[in-house]
Structures are given as C-alpha cells and as structure tokens.
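S.K.: File follows, work.pdb with PDB, C-alpha atoms:
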```pdb
MODEL        1
ATOM      1  CA  MET A   4     106.693 111.591 110.314
ATOM      2  CA  ASP A   5     109.774 109.864 108.933
ATOM      3  CA  GLU A   6     110.981 108.800 105.508
ATOM      4  CA  MET A   7     109.130 105.509 105.847
ATOM      5  CA  ASP A   8     105.853 107.310 106.571
ATOM      6  CA  ARG A   9     106.322 109.423 103.454
ATOM      7  CA  GLU A  10     107.043 106.414 101.332
ATOM      8  CA  LEU A  11     104.008 104.645 102.751
ATOM      9  CA  ILE A  12     101.721 107.586 101.981
ATOM     10  CA  ASN A  13     103.126 107.996  98.481
ATOM     11  CA  ARG A  14     102.426 104.374  97.719
ATOM     12  CA  LEU A  15      99.011 104.168  99.319
ATOM     13  CA  GLN A  16      97.741 107.266  97.528
ATOM     14  CA  ASP A  17      97.854 105.177  94.383
ATOM     15  CA  GLY A  18      95.359 102.853  95.970
ATOM     16  CA  ILE A  19      95.309  99.609  97.850
ATOM     17  CA  ALA A  20      94.306  96.174  96.729
ATOM     18  CA  VAL A  21      90.858  94.919  97.566
ATOM     19  CA  THR A  22      92.057  91.604  98.922
ATOM     20  CA  ASP A  23      91.912  89.860 102.258
ATOM     21  CA  ARG A  24      95.324  91.283 103.170
ATOM     22  CA  PRO A  25      95.547  94.674 101.475
ATOM     23  CA  PHE A  26      98.663  95.783 103.334
ATOM     24  CA  ALA A  27     100.744  92.722 102.503
ATOM     25  CA  GLU A  28     102.131  94.107  99.266
ATOM     26  CA  VAL A  29     103.185  97.497 100.565
ATOM     27  CA  ALA A  30     104.601  95.860 103.699
ATOM     28  CA  GLN A  31     106.753  93.588 101.628
ATOM     29  CA  ALA A  32     107.933  96.415  99.382
ATOM     30  CA  LEU A  33     108.964  98.499 102.375
ATOM     31  CA  GLU A  34     110.304  95.537 104.353
ATOM     32  CA  LEU A  35     107.865  96.123 107.168
ATOM     33  CA  THR A  36     105.391  93.766 108.763
ATOM     34  CA  GLU A  37     101.704  94.267 108.005
ATOM     35  CA  GLU A  38     101.203  95.044 111.684
ATOM     36  CA  SER A  39     103.708  97.859 111.572
ATOM     37  CA  VAL A  40     102.114  99.287 108.392
ATOM     38  CA  VAL A  41      98.775  99.319 110.206
ATOM     39  CA  GLU A  42     100.414 100.865 113.260
ATOM     40  CA  ARG A  43     101.931 103.664 111.182
ATOM     41  CA  LEU A  44      98.660 104.354 109.420
ATOM     42  CA  ARG A  45      96.843 104.601 112.740
ATOM     43  CA  ARG A  46      99.372 107.097 113.995
ATOM     44  CA  LEU A  47      99.151 109.169 110.805
ATOM     45  CA  VAL A  48      95.367 109.314 111.104
ATOM     46  CA  ASP A  49      95.607 110.189 114.812
ATOM     47  CA  ASP A  50      98.127 112.948 114.061
ATOM     48  CA  GLY A  51      95.837 114.397 111.413
ATOM     49  CA  LYS A  52      98.192 113.731 108.507
ATOM     50  CA  LEU A  53      95.697 111.421 106.852
ATOM     51  CA  SER A  54      92.039 112.181 106.958
ATOM     52  CA  ARG A  55      90.786 108.750 106.207
ATOM     53  CA  PHE A  56      91.600 105.439 104.779
ATOM     54  CA  GLY A  57      89.126 103.842 102.441
ATOM     55  CA  PRO A  58      87.164 104.341  99.260
ATOM     56  CA  LEU A  59      86.652 107.486  97.278
ATOM     57  CA  TYR A  60      83.193 107.606  95.770
ATOM     58  CA  ASN A  61      81.835 108.955  92.555
ATOM     59  CA  ALA A  62      78.834 110.956  93.744
ATOM     60  CA  GLU A  63      77.029 110.820  90.406
ATOM     61  CA  ARG A  64      77.218 107.042  90.271
ATOM     62  CA  LEU A  65      75.696 106.930  93.732
ATOM     63  CA  GLY A  66      72.735 108.829  92.367
ATOM     64  CA  GLY A  67      73.845 112.216  93.679
ATOM     65  CA  ALA A  68      75.276 115.327  92.075
ATOM     66  CA  VAL A  69      78.235 117.643  92.619
ATOM     67  CA  THR A  70      78.981 121.067  91.270
ATOM     68  CA  LEU A  71      81.231 124.090  91.746
ATOM     69  CA  VAL A  72      79.561 127.404  92.465
ATOM     70  CA  ALA A  73      80.917 130.957  92.553
ATOM     71  CA  MET A  74      79.500 134.196  93.915
ATOM     72  CA  ALA A  75      80.565 137.831  93.834
ATOM     73  CA  VAL A  76      80.113 138.891  97.440
ATOM     74  CA  PRO A  77      80.558 142.502  98.579
ATOM     75  CA  GLU A  78      83.480 142.666 101.024
ATOM     76  CA  GLU A  79      81.387 144.147 103.847
ATOM     77  CA  ARG A  80      78.933 141.266 103.659
ATOM     78  CA  TYR A  81      81.440 138.482 103.174
ATOM     79  CA  GLU A  82      81.291 136.919 106.638
ATOM     80  CA  GLN A  83      77.519 137.053 106.768
ATOM     81  CA  VAL A  84      77.113 135.498 103.316
ATOM     82  CA  ALA A  85      79.688 132.818 104.149
ATOM     83  CA  GLU A  86      77.574 131.880 107.153
ATOM     84  CA  GLN A  87      74.405 131.773 105.100
ATOM     85  CA  VAL A  88      76.037 129.594 102.459
ATOM     86  CA  ASN A  89      77.800 127.276 104.893
ATOM     87  CA  ALA A  90      74.592 126.732 106.830
ATOM     88  CA  HIS A  91      73.550 124.447 103.980
ATOM     89  CA  PRO A  92      74.807 120.941 104.708
ATOM     90  CA  GLU A  93      75.180 120.390 100.951
ATOM     91  CA  VAL A  94      78.092 122.860 100.903
ATOM     92  CA  SER A  95      81.404 121.151 101.494
ATOM     93  CA  HIS A  96      84.511 123.118 100.548
ATOM     94  CA  ASN A  97      84.143 126.882 100.620
ATOM     95  CA  TYR A  98      87.154 129.028  99.751
ATOM     96  CA  ALA A  99      87.631 132.742  99.424
ATOM     97  CA  ARG A 100      89.443 133.470  96.165
ATOM     98  CA  GLU A 101      90.970 136.614  94.726
ATOM     99  CA  HIS A 102      88.684 137.611  91.877
ATOM    100  CA  GLU A 103      85.485 139.535  91.397
ATOM    101  CA  LEU A 104      83.905 136.113  91.915
ATOM    102  CA  ASN A 105      85.394 135.850  95.391
ATOM    103  CA  MET A 106      83.523 132.967  96.995
ATOM    104  CA  TRP A 107      83.836 129.445  95.605
ATOM    105  CA  PHE A 108      82.182 126.405  97.054
ATOM    106  CA  VAL A 109      81.405 122.808  96.234
ATOM    107  CA  LEU A 110      77.831 121.634  96.454
ATOM    108  CA  SER A 111      77.054 117.942  96.696
ATOM    109  CA  THR A 112      73.589 116.521  96.999
ATOM    110  CA  GLU A 113      72.005 113.118  97.268
ATOM    111  CA  ARG A 114      69.742 113.737  94.292
ATOM    112  CA  PRO A 115      70.449 115.844  91.185
ATOM    113  CA  GLU A 116      67.393 118.090  91.551
ATOM    114  CA  GLN A 117      68.630 119.273  94.950
ATOM    115  CA  ILE A 118      71.426 121.229  93.269
ATOM    116  CA  GLU A 119      68.967 123.701  91.728
ATOM    117  CA  GLN A 120      66.891 123.807  94.906
ATOM    118  CA  THR A 121      69.890 124.616  97.065
ATOM    119  CA  LEU A 122      71.128 127.252  94.631
ATOM    120  CA  ALA A 123      67.710 128.886  94.559
ATOM    121  CA  ALA A 124      67.637 128.937  98.357
ATOM    122  CA  ILE A 125      71.090 130.533  98.526
ATOM    123  CA  GLU A 126      70.133 133.180  95.979
ATOM    124  CA  SER A 127      66.980 134.023  97.842
ATOM    125  CA  GLU A 128      68.656 134.139 101.269
ATOM    126  CA  THR A 129      71.583 136.278 100.169
ATOM    127  CA  GLY A 130      69.974 138.287  97.388
ATOM    128  CA  LEU A 131      73.078 137.556  95.294
ATOM    129  CA  PRO A 132      73.312 135.631  92.022
ATOM    130  CA  VAL A 133      75.097 132.286  91.992
ATOM    131  CA  TYR A 134      77.202 131.007  89.120
ATOM    132  CA  ASN A 135      76.807 127.281  88.695
ATOM    133  CA  MET A 136      79.747 125.684  86.911
ATOM    134  CA  PRO A 137      79.214 121.950  86.755
ATOM    135  CA  ARG A 138      81.924 119.676  85.509
ATOM    136  CA  GLU A 139      81.630 118.752  81.858
ATOM    137  CA  LYS A 140      84.645 116.522  81.667
ATOM    138  CA  GLU A 141      87.273 115.105  84.004
ATOM    139  CA  TYR A 142      90.832 114.905  82.800
ATOM    140  CA  TYR A 143      92.431 114.112  86.118
ATOM    141  CA  ILE A 144      91.023 113.682  89.585
ATOM    142  CA  GLY A 145      93.945 111.988  91.295
ATOM    143  CA  LEU A 146      94.580 114.701  93.865
ATOM    144  CA  ARG A 147      97.863 112.974  94.501
ATOM    145  CA  PHE A 148     100.579 114.613  96.573
ATOM    146  CA  GLN A 149     104.178 113.527  96.255
ATOM    147  CA  LEU A 150     105.816 113.593  99.698
TER     148      LEU A 150
ATOM    149  CA  MET B 217      72.740  99.101  90.078
ATOM    150  CA  VAL B 218      73.660  99.787  93.697
ATOM    151  CA  THR B 219      71.714  97.380  95.893
ATOM    152  CA  GLU B 220      70.483  97.868  99.446
ATOM    153  CA  ARG B 221      73.206  95.506 100.665
ATOM    154  CA  ASP B 222      75.793  97.605  98.835
ATOM    155  CA  LYS B 223      74.423 100.701 100.518
ATOM    156  CA  GLU B 224      74.751  99.083 103.920
ATOM    157  CA  LEU B 225      78.355  98.364 103.118
ATOM    158  CA  ILE B 226      78.929 101.936 101.925
ATOM    159  CA  GLY B 227      77.309 103.185 105.107
ATOM    160  CA  ALA B 228      79.619 101.060 107.220
ATOM    161  CA  LEU B 229      82.608 102.428 105.309
ATOM    162  CA  GLN B 230      81.845 106.067 105.992
ATOM    163  CA  LYS B 231      84.386 106.259 108.771
ATOM    164  CA  GLY B 232      86.953 104.596 106.608
ATOM    165  CA  LEU B 233      88.383 101.117 106.668
ATOM    166  CA  PRO B 234      89.223  99.667 110.053
ATOM    167  CA  LEU B 235      92.994  99.867 110.452
ATOM    168  CA  VAL B 236      93.743  96.240 111.098
ATOM    169  CA  ARG B 237      95.574  93.557 109.176
ATOM    170  CA  ARG B 238      92.369  92.205 107.602
ATOM    171  CA  PRO B 239      90.211  95.298 107.325
ATOM    172  CA  TYR B 240      87.572  93.809 105.047
ATOM    173  CA  ALA B 241      86.889  91.009 107.493
ATOM    174  CA  ALA B 242      86.497  93.576 110.290
ATOM    175  CA  LEU B 243      84.234  95.667 108.088
ATOM    176  CA  GLY B 244      82.129  92.606 107.299
ATOM    177  CA  GLU B 245      81.557  92.004 110.995
ATOM    178  CA  ARG B 246      79.944  95.432 111.299
ATOM    179  CA  VAL B 247      77.346  94.601 108.666
ATOM    180  CA  GLY B 248      77.026  90.860 109.038
ATOM    181  CA  MET B 249      78.842  89.929 105.831
ATOM    182  CA  GLY B 250      81.668  87.511 105.344
ATOM    183  CA  GLU B 251      85.020  88.821 104.164
ATOM    184  CA  GLN B 252      84.571  87.278 100.726
ATOM    185  CA  GLU B 253      81.208  88.946 100.228
ATOM    186  CA  VAL B 254      82.675  92.319 101.235
ATOM    187  CA  LEU B 255      85.540  91.881  98.777
ATOM    188  CA  ARG B 256      83.219  90.813  95.994
ATOM    189  CA  ARG B 257      80.847  93.739  96.501
ATOM    190  CA  LEU B 258      83.639  96.302  96.733
ATOM    191  CA  ALA B 259      85.308  94.970  93.605
ATOM    192  CA  ASP B 260      81.960  95.191  91.847
ATOM    193  CA  LEU B 261      81.384  98.791  93.008
ATOM    194  CA  ARG B 262      84.873  99.644  91.803
ATOM    195  CA  ALA B 263      84.185  98.048  88.423
ATOM    196  CA  LYS B 264      80.982 100.060  88.095
ATOM    197  CA  GLY B 265      82.835 103.262  88.928
ATOM    198  CA  VAL B 266      80.832 103.945  92.083
ATOM    199  CA  ILE B 267      84.109 103.684  93.969
ATOM    200  CA  ARG B 268      86.892 105.523  92.192
ATOM    201  CA  ARG B 269      89.688 104.004  94.195
ATOM    202  CA  HIS B 270      90.611 102.663  97.602
ATOM    203  CA  GLY B 271      93.452 104.394  99.319
ATOM    204  CA  VAL B 272      94.491 107.106 101.698
ATOM    205  CA  ILE B 273      93.043 110.587 101.739
ATOM    206  CA  VAL B 274      95.803 112.962 102.809
ATOM    207  CA  ARG B 275      95.399 116.247 104.606
ATOM    208  CA  HIS B 276      97.536 118.085 102.116
ATOM    209  CA  HIS B 277      97.700 121.321 104.084
ATOM    210  CA  GLU B 278      99.087 119.481 107.097
ATOM    211  CA  LEU B 279     101.624 117.743 104.888
ATOM    212  CA  GLY B 280     103.206 120.954 103.664
ATOM    213  CA  TYR B 281     101.148 121.695 100.550
ATOM    214  CA  ARG B 282     100.056 125.056 101.859
ATOM    215  CA  ALA B 283      99.327 126.916  98.654
ATOM    216  CA  ASN B 284      96.884 126.033  95.925
ATOM    217  CA  ALA B 285      95.985 127.926  92.826
ATOM    218  CA  MET B 286      92.952 127.380  90.708
ATOM    219  CA  SER B 287      94.394 128.097  87.277
ATOM    220  CA  VAL B 288      91.813 128.617  84.581
ATOM    221  CA  TRP B 289      91.907 129.212  80.840
ATOM    222  CA  ALA B 290      89.334 129.935  78.148
ATOM    223  CA  ILE B 291      90.324 127.266  75.636
ATOM    224  CA  PRO B 292      88.612 126.790  72.267
ATOM    225  CA  ASP B 293      86.392 123.695  72.225
ATOM    226  CA  GLU B 294      88.449 121.946  69.568
ATOM    227  CA  ARG B 295      91.630 122.152  71.638
ATOM    228  CA  ILE B 296      90.451 121.661  75.192
ATOM    229  CA  ASP B 297      90.311 117.859  75.415
ATOM    230  CA  ASP B 298      93.773 117.430  74.014
ATOM    231  CA  LEU B 299      95.262 120.007  76.371
ATOM    232  CA  GLY B 300      93.311 118.751  79.372
ATOM    233  CA  GLU B 301      94.546 115.216  78.841
ATOM    234  CA  GLN B 302      98.148 116.355  78.530
ATOM    235  CA  LEU B 303      97.945 118.503  81.651
ATOM    236  CA  ALA B 304      96.438 115.563  83.512
ATOM    237  CA  GLY B 305      99.756 113.744  83.305
ATOM    238  CA  GLU B 306     101.838 116.641  84.612
ATOM    239  CA  PRO B 307     103.342 116.562  88.110
ATOM    240  CA  GLY B 308     101.922 119.262  90.351
ATOM    241  CA  VAL B 309      98.529 119.152  88.673
ATOM    242  CA  THR B 310      96.263 117.651  91.317
ATOM    243  CA  LEU B 311      92.924 118.055  89.558
ATOM    244  CA  CYS B 312      92.045 118.936  85.973
ATOM    245  CA  TYR B 313      88.516 119.515  84.704
ATOM    246  CA  ARG B 314      86.454 121.085  82.014
ATOM    247  CA  ARG B 315      83.540 123.080  83.419
ATOM    248  CA  ARG B 316      80.580 124.966  82.104
ATOM    249  CA  THR B 317      81.318 128.679  81.668
ATOM    250  CA  ALA B 318      79.245 131.641  82.853
ATOM    251  CA  PRO B 319      80.051 134.443  80.398
ATOM    252  CA  PRO B 320      80.700 137.302  80.504
ATOM    253  CA  ALA B 321      81.666 137.092  84.190
ATOM    254  CA  TRP B 322      83.414 133.769  83.761
ATOM    255  CA  PRO B 323      84.513 132.632  80.273
ATOM    256  CA  TYR B 324      87.015 130.041  81.549
ATOM    257  CA  ASN B 325      86.408 126.371  80.808
ATOM    258  CA  LEU B 326      89.662 124.584  81.696
ATOM    259  CA  TYR B 327      90.529 124.246  85.382
ATOM    260  CA  CYS B 328      93.808 123.009  86.809
ATOM    261  CA  MET B 329      94.406 122.849  90.504
ATOM    262  CA  ILE B 330      98.087 123.199  91.247
ATOM    263  CA  HIS B 331      99.227 122.555  94.796
ATOM    264  CA  GLY B 332     102.646 123.455  96.183
ATOM    265  CA  GLN B 333     104.610 124.436  99.260
ATOM    266  CA  ASP B 334     104.016 128.159  98.708
ATOM    267  CA  ARG B 335     102.693 130.624  96.154
ATOM    268  CA  GLU B 336     106.013 131.045  94.391
ATOM    269  CA  ALA B 337     106.388 127.324  93.836
ATOM    270  CA  VAL B 338     102.842 127.100  92.512
ATOM    271  CA  LEU B 339     103.267 130.068  90.181
ATOM    272  CA  ALA B 340     106.581 128.765  88.885
ATOM    273  CA  ARG B 341     105.005 125.414  88.071
ATOM    274  CA  ARG B 342     102.050 127.089  86.432
ATOM    275  CA  ARG B 343     104.386 129.196  84.281
ATOM    276  CA  GLU B 344     106.280 126.115  83.133
ATOM    277  CA  LEU B 345     103.078 124.385  82.141
ATOM    278  CA  ALA B 346     101.699 127.462  80.381
ATOM    279  CA  GLU B 347     104.914 127.800  78.363
ATOM    280  CA  LYS B 348     105.148 124.129  77.517
ATOM    281  CA  TYR B 349     101.626 124.003  76.103
ATOM    282  CA  GLY B 350     101.244 127.613  74.936
ATOM    283  CA  LEU B 351      98.256 128.033  77.212
ATOM    284  CA  ASP B 352      98.524 131.726  77.932
ATOM    285  CA  GLN B 353      97.696 132.722  74.366
ATOM    286  CA  TRP B 354      94.118 132.364  75.627
ATOM    287  CA  ALA B 355      92.410 134.345  78.358
ATOM    288  CA  HIS B 356      93.464 133.047  81.755
ATOM    289  CA  ARG B 357      93.398 133.711  85.467
ATOM    290  CA  VAL B 358      95.057 132.346  88.565
ATOM    291  CA  LEU B 359      92.942 132.351  91.695
ATOM    292  CA  PHE B 360      94.760 131.625  94.903
ATOM    293  CA  SER B 361      92.666 130.542  97.787
ATOM    294  CA  GLY B 362      92.375 132.899 100.697
ATOM    295  CA  ARG B 363      90.538 131.894 103.813
ATOM    296  CA  ARG B 364      89.217 128.413 103.991
ATOM    297  CA  PHE B 365      85.725 128.809 105.383
ATOM    298  CA  LYS B 366      84.645 125.245 105.338
ATOM    299  CA  GLN B 367      86.288 122.010 104.446
ATOM    300  CA  ARG B 368      84.946 118.612 104.999
ATOM    301  CA  GLY B 369      84.271 115.618 102.916
ATOM    302  CA  ALA B 370      81.217 115.882 100.765
ATOM    303  CA  TRP B 371      78.783 113.329 101.972
ATOM    304  CA  TYR B 372      76.694 110.567 100.707
ATOM    305  CA  ARG B 373      73.924 109.467 102.999
ATOM    306  CA  PRO B 374      72.375 106.085 102.374
ATOM    307  CA  PRO B 375      68.646 106.053 103.079
ATOM    308  CA  GLN B 376      69.050 104.326 106.424
ATOM    309  CA  PRO B 377      70.625 103.728 109.166
ATOM    310  CA  ALA B 378      71.850 107.300 109.111
ATOM    311  CA  PRO B 379      75.623 107.259 109.295
ATOM    312  CA  GLU B 380      78.219 109.933 108.648
ATOM    313  CA  LYS B 381      80.239 111.153 105.758
ATOM    314  CA  ALA B 382      81.835 109.759 102.678
ATOM    315  CA  GLU B 383      84.364 111.743 100.752
ATOM    316  CA  VAL B 384      84.007 112.479  97.113
ATOM    317  CA  ARG B 385      86.146 114.591  94.916
ATOM    318  CA  HIS B 386      85.833 118.334  94.484
ATOM    319  CA  GLY B 387      82.907 119.400  92.368
TER     320      GLY B 387
ENDMDL
END
```
If you convert what's in this file into structure tokens, what do you get?

M.R.:
Amino acid sequence: MDEMDRELINRLQDGIAVTDRPFAEVAQALELTEESVVERLRRLVDDGKLSRFGPLYNAERLGGAVTLVAMAVPEERYEQVAEQVNAHPEVSHNYAREHELNMWFVLSTERPEQIEQTLAAIESETGLPVYNMPREKEYYIGLRFQL
Amino acid sequence: MVTERDKELIGALQKGLPLVRRPYAALGERVGMGEQEVLRRLADLRAKGVIRRHGVIVRHHELGYRANAMSVWAIPDERIDDLGEQLAGEPGVTLCYRRRTAPPAWPYNLYCMIHGQDREAVLARRRELAEKYGLDQWAHRVLFSGRRFKQRGAWYRPPQPAPEKAEVRHG
C-alpha cells in the first residue's frame, strides 16, 4: 500500500461515475492510466484492503428491512447465545459491546415482516428479550475513512 | 419500481463490479445487456435511491481503523435533527442515525459511530464533538466494540437465480 493507493481509495470512497469508462477521471487526476488504476484496485481487493467494488444498496428500497438489535446476555451464556443468534442468516454484524446490553447485531431481511419473525425466533431460542431499535432517521451514512 | 431485469442486474453485481477498464460492458455480458442499457438502469436505480452510491467498500479494520465507539445520547426531540445534521458533517463521524429507544434499559436516540486508530483517538474526537455541541448535558454512553462475532455484508437475494451477497449499510 503506497501513497497512490491511499489517494485512490480516498477518492473512490466518494463514489465513481456510472459511465462507460468510470476510472478515466480518477486516472487523469492521479496521472495514472486506467489500466494501472484497475491493476491497483485488483491488488487492493486481493490483499483484503477493499472488500468490494460496486454499488451500495438501500435495503428498504429493495423491499427489505434492516434494524439494529441489542440483548443483555449473561456472561456465562455469551458464546452459546452468540451461536444461536449468528445461526440466523439474517444476522450480519454482531459485536460484543461494553454495557448491560452487551450484544449488538444488525438484522437484514428480504421482507419487512421477517424482522419480527426472526426476533421472535431468537427470543424463543435463547429465552432472552431482544431490544429492537430501528432507524428513524439517517443523518449520515457515508462510512468514509480518510487514509 | 424495481423490475425483473433490474433484479437480474443487481444479482450479477453481487460480487462487485468486474475490475476492468469498461466494467459496465463486462457486467452487461454476464446478463445479456448492452453497456448502454446497464448504464441506464444503474443510473435509474441510483436516482430512485435503490443504489446509494457506487464506489469502494473498504475493510476499515485492515486499513488501520481498529477502534470504533458507538456514541449515544438521549437528545430531546426538538433538538435531535439539528444536532444530527451538524454531527453528520464532522470528520471522524462515520455513521449518524436517530433510532427508536427502548426505555428504561435504553433511552438513547442519537447514535454516532466514531472510528479511529485506537480508543484514545476515538475518545478524544468524541470529547471534542461533545464539547463543541454541548452534547453531554444529556444522558450519554460510549460503547466500544469488543469481540467481533460476525461481520459480513448484509444480503439482498433476488428471487432467482440465487446469487450471493450485496452489501447494505449498518442497520
């Protein structure tokens, strides 16, 4: 990873043009050829620095639903409950956090009604209450990292 | 309205754009669409908000952003939008949302994810923001993440031909 890679990532996080040659602009700005931009991106994906190159969807507009869920899990059962929760394919990110509510995960489903169904299943499997905290408003979703 | 043809295109994009000089032409070949049709449909999906943006998805942990704090506040309804919008423009804030509360266990409605190199950097940035906007006059918490038990892109699965995963934003 060199300075040029960082600059490339910083610029491409802001998005790329949907045109026949989407790398032309960034290539020109960085005085690279389009081929070498593509080459660098391939290497960054292969090295695991970039997870993917492409669109970021809005799940709700695709007809699905997303929410954030928290649980208060007794320490001695944490691993077991994590397994039960993660066994649901609808669960994406699951983080332990330092609070009485110590397990936080994102649930995303293809249809809105599956949120409640999945939550009910998790409650019944674990015997623990779930706290559903859906998003009411987005102020910023850029998830942009300056390198 | 997302059409069946759009869904085919979305399905073909699950692995990301082909990394070639003309990626939309290469993508079109996978689904039997010309480059112009691909571009037109993607621009349309972007305009409808189905696609938020086209770009790179970084693995922030691998790029040195090793700490993240979920900073939350219980902000009065009449102030929250104003504060949320101001925080949205602040460097270091990677996500900013208003969420439903679950009192009494969880009275917090404003969420800011702050990512940084380490905990100290994240806390220092949080403190600056809290002072600048007077946020800590309200109940607040900072929850660092501990173990990461699962992380993958959330998925969208078009009805057929079953492909893989698309990434959407956190919750």

S.K.: On this structure, the PyMOL selection byres ((chain B and resi 234) around 12) would catch which residues? List them as a tab-separated table (two decimals) with C-alpha atoms, in the frame of the given file, sorted by chain and number.

M.R.:
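Printed below is out-v6.tsv as written:
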```
chain	number	residue	atom	x	y	z
A	25	PRO	CA	95.55	94.67	101.48
A	41	VAL	CA	98.78	99.32	110.21
A	42	GLU	CA	100.41	100.86	113.26
A	44	LEU	CA	98.66	104.35	109.42
A	45	ARG	CA	96.84	104.60	112.74
A	48	VAL	CA	95.37	109.31	111.10
A	55	ARG	CA	90.79	108.75	106.21
A	56	PHE	CA	91.60	105.44	104.78
A	57	GLY	CA	89.13	103.84	102.44
A	58	PRO	CA	87.16	104.34	99.26
B	228	ALA	CA	79.62	101.06	107.22
B	229	LEU	CA	82.61	102.43	105.31
B	230	GLN	CA	81.84	106.07	105.99
B	231	LYS	CA	84.39	106.26	108.77
B	232	GLY	CA	86.95	104.60	106.61
B	233	LEU	CA	88.38	101.12	106.67
B	235	LEU	CA	92.99	99.87	110.45
B	236	VAL	CA	93.74	96.24	111.10
B	237	ARG	CA	95.57	93.56	109.18
B	238	ARG	CA	92.37	92.20	107.60
B	239	PRO	CA	90.21	95.30	107.32
B	240	TYR	CA	87.57	93.81	105.05
B	241	ALA	CA	86.89	91.01	107.49
B	242	ALA	CA	86.50	93.58	110.29
B	243	LEU	CA	84.23	95.67	108.09
B	244	GLY	CA	82.13	92.61	107.30
B	245	GLU	CA	81.56	92.00	111.00
B	246	ARG	CA	79.94	95.43	111.30
```

S.K.: Which distance in Å separates CA of Val21 in chain A and CA of Asp8 in chain A, to one decimal?

M.R.: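 That distance, rounded to one decimal, is 21.4 Å.
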
S.K.: Pick out the residues sitting within 9 Å of Arg357 in chain B, and hand them over as a count of residues only; count all atoms listed in the file, and ignore anything fewer than 5 positions along from it in its own chain.

M.R.: 6

S.K.: Could you please determine the separation between CA of Asn13 in chain A and CA of Glu253 in chain B in Å, to one decimal place?

M.R.: 29.1 Å

S.K.: Go ahead and compute the interatomic distance for CA of Ala285 in chain B and CA of Gln83 in chain A, in Å to one decimal.

M.R.: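 Computing the Euclidean distance for CA of Ala285 in chain B and CA of Gln83 in chain A yields 24.9 Å.
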
S.K.: Just want the 12 Å neighbourhood of Pro77 in chain A, counted on only C-alpha atoms, with same-chain residues fewer than 6 positions away dropped. Output as a PyMOL selection string.

M.R.: chain A and resi 83-85+102-106+129-132

S.K.: Considering all atoms listed in the file, return as an NGL selection string whatever protein or nucleic-acid residues lie within 6 Å of range 35-38 of chain A, sequence-local ones (same chain, fewer than 4 positions apart) excluded.

M.R.: :A and (26-27 or 30)

S.K.: May I ask which of the residues B:Gly265, B:Gly248, B:Gly227, B:Gly271 is the closest one to Glu63 in chain A, counting all atoms listed in the file?

M.R.: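 Ranking B:Gly265, B:Gly248, B:Gly227, B:Gly271 by distance to Glu63 in chain A, first place goes to B:Gly265.
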
S.K.: How would you write, as a PyMOL selection string, the residues chosen by the PyMOL selection byres ((chain A and resi 116-122) around 9) on this structure?

M.R.: chain A and resi 67-70+72+91+93+110-115+123-127+133+135

S.K.: Measuring atom to atom with all atoms listed in the file, identify which of A:Ala90, A:Leu59, A:Ala75, A:Leu11 is nearest to chain B.

M.R.: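 Ranked by minimum distance to chain B, first place goes to A:Leu59.
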
S.K.: Please return, as an MDAnalysis selection string, all residues of chain A lying within 6 Å of chain B when all atoms listed in the file are considered.

M.R.: chainID A and resid 15:16 18:19 23:24 41 52:61 64 69:71 95:101 109 136:144 146:147

S.K.: Build an axis-aligned box that encloses every atom of range 140-148 of chain A listed in the file, pad it by 8 Å on each side, and report its centre and edge lengths in Å to one decimal, as AutoDock Vina command-line options.

M.R.:
```
--center_x 92.6 --center_y 114.3 --center_z 89.1 --size_x 31.9 --size_y 20.5 --size_z 30.9
```
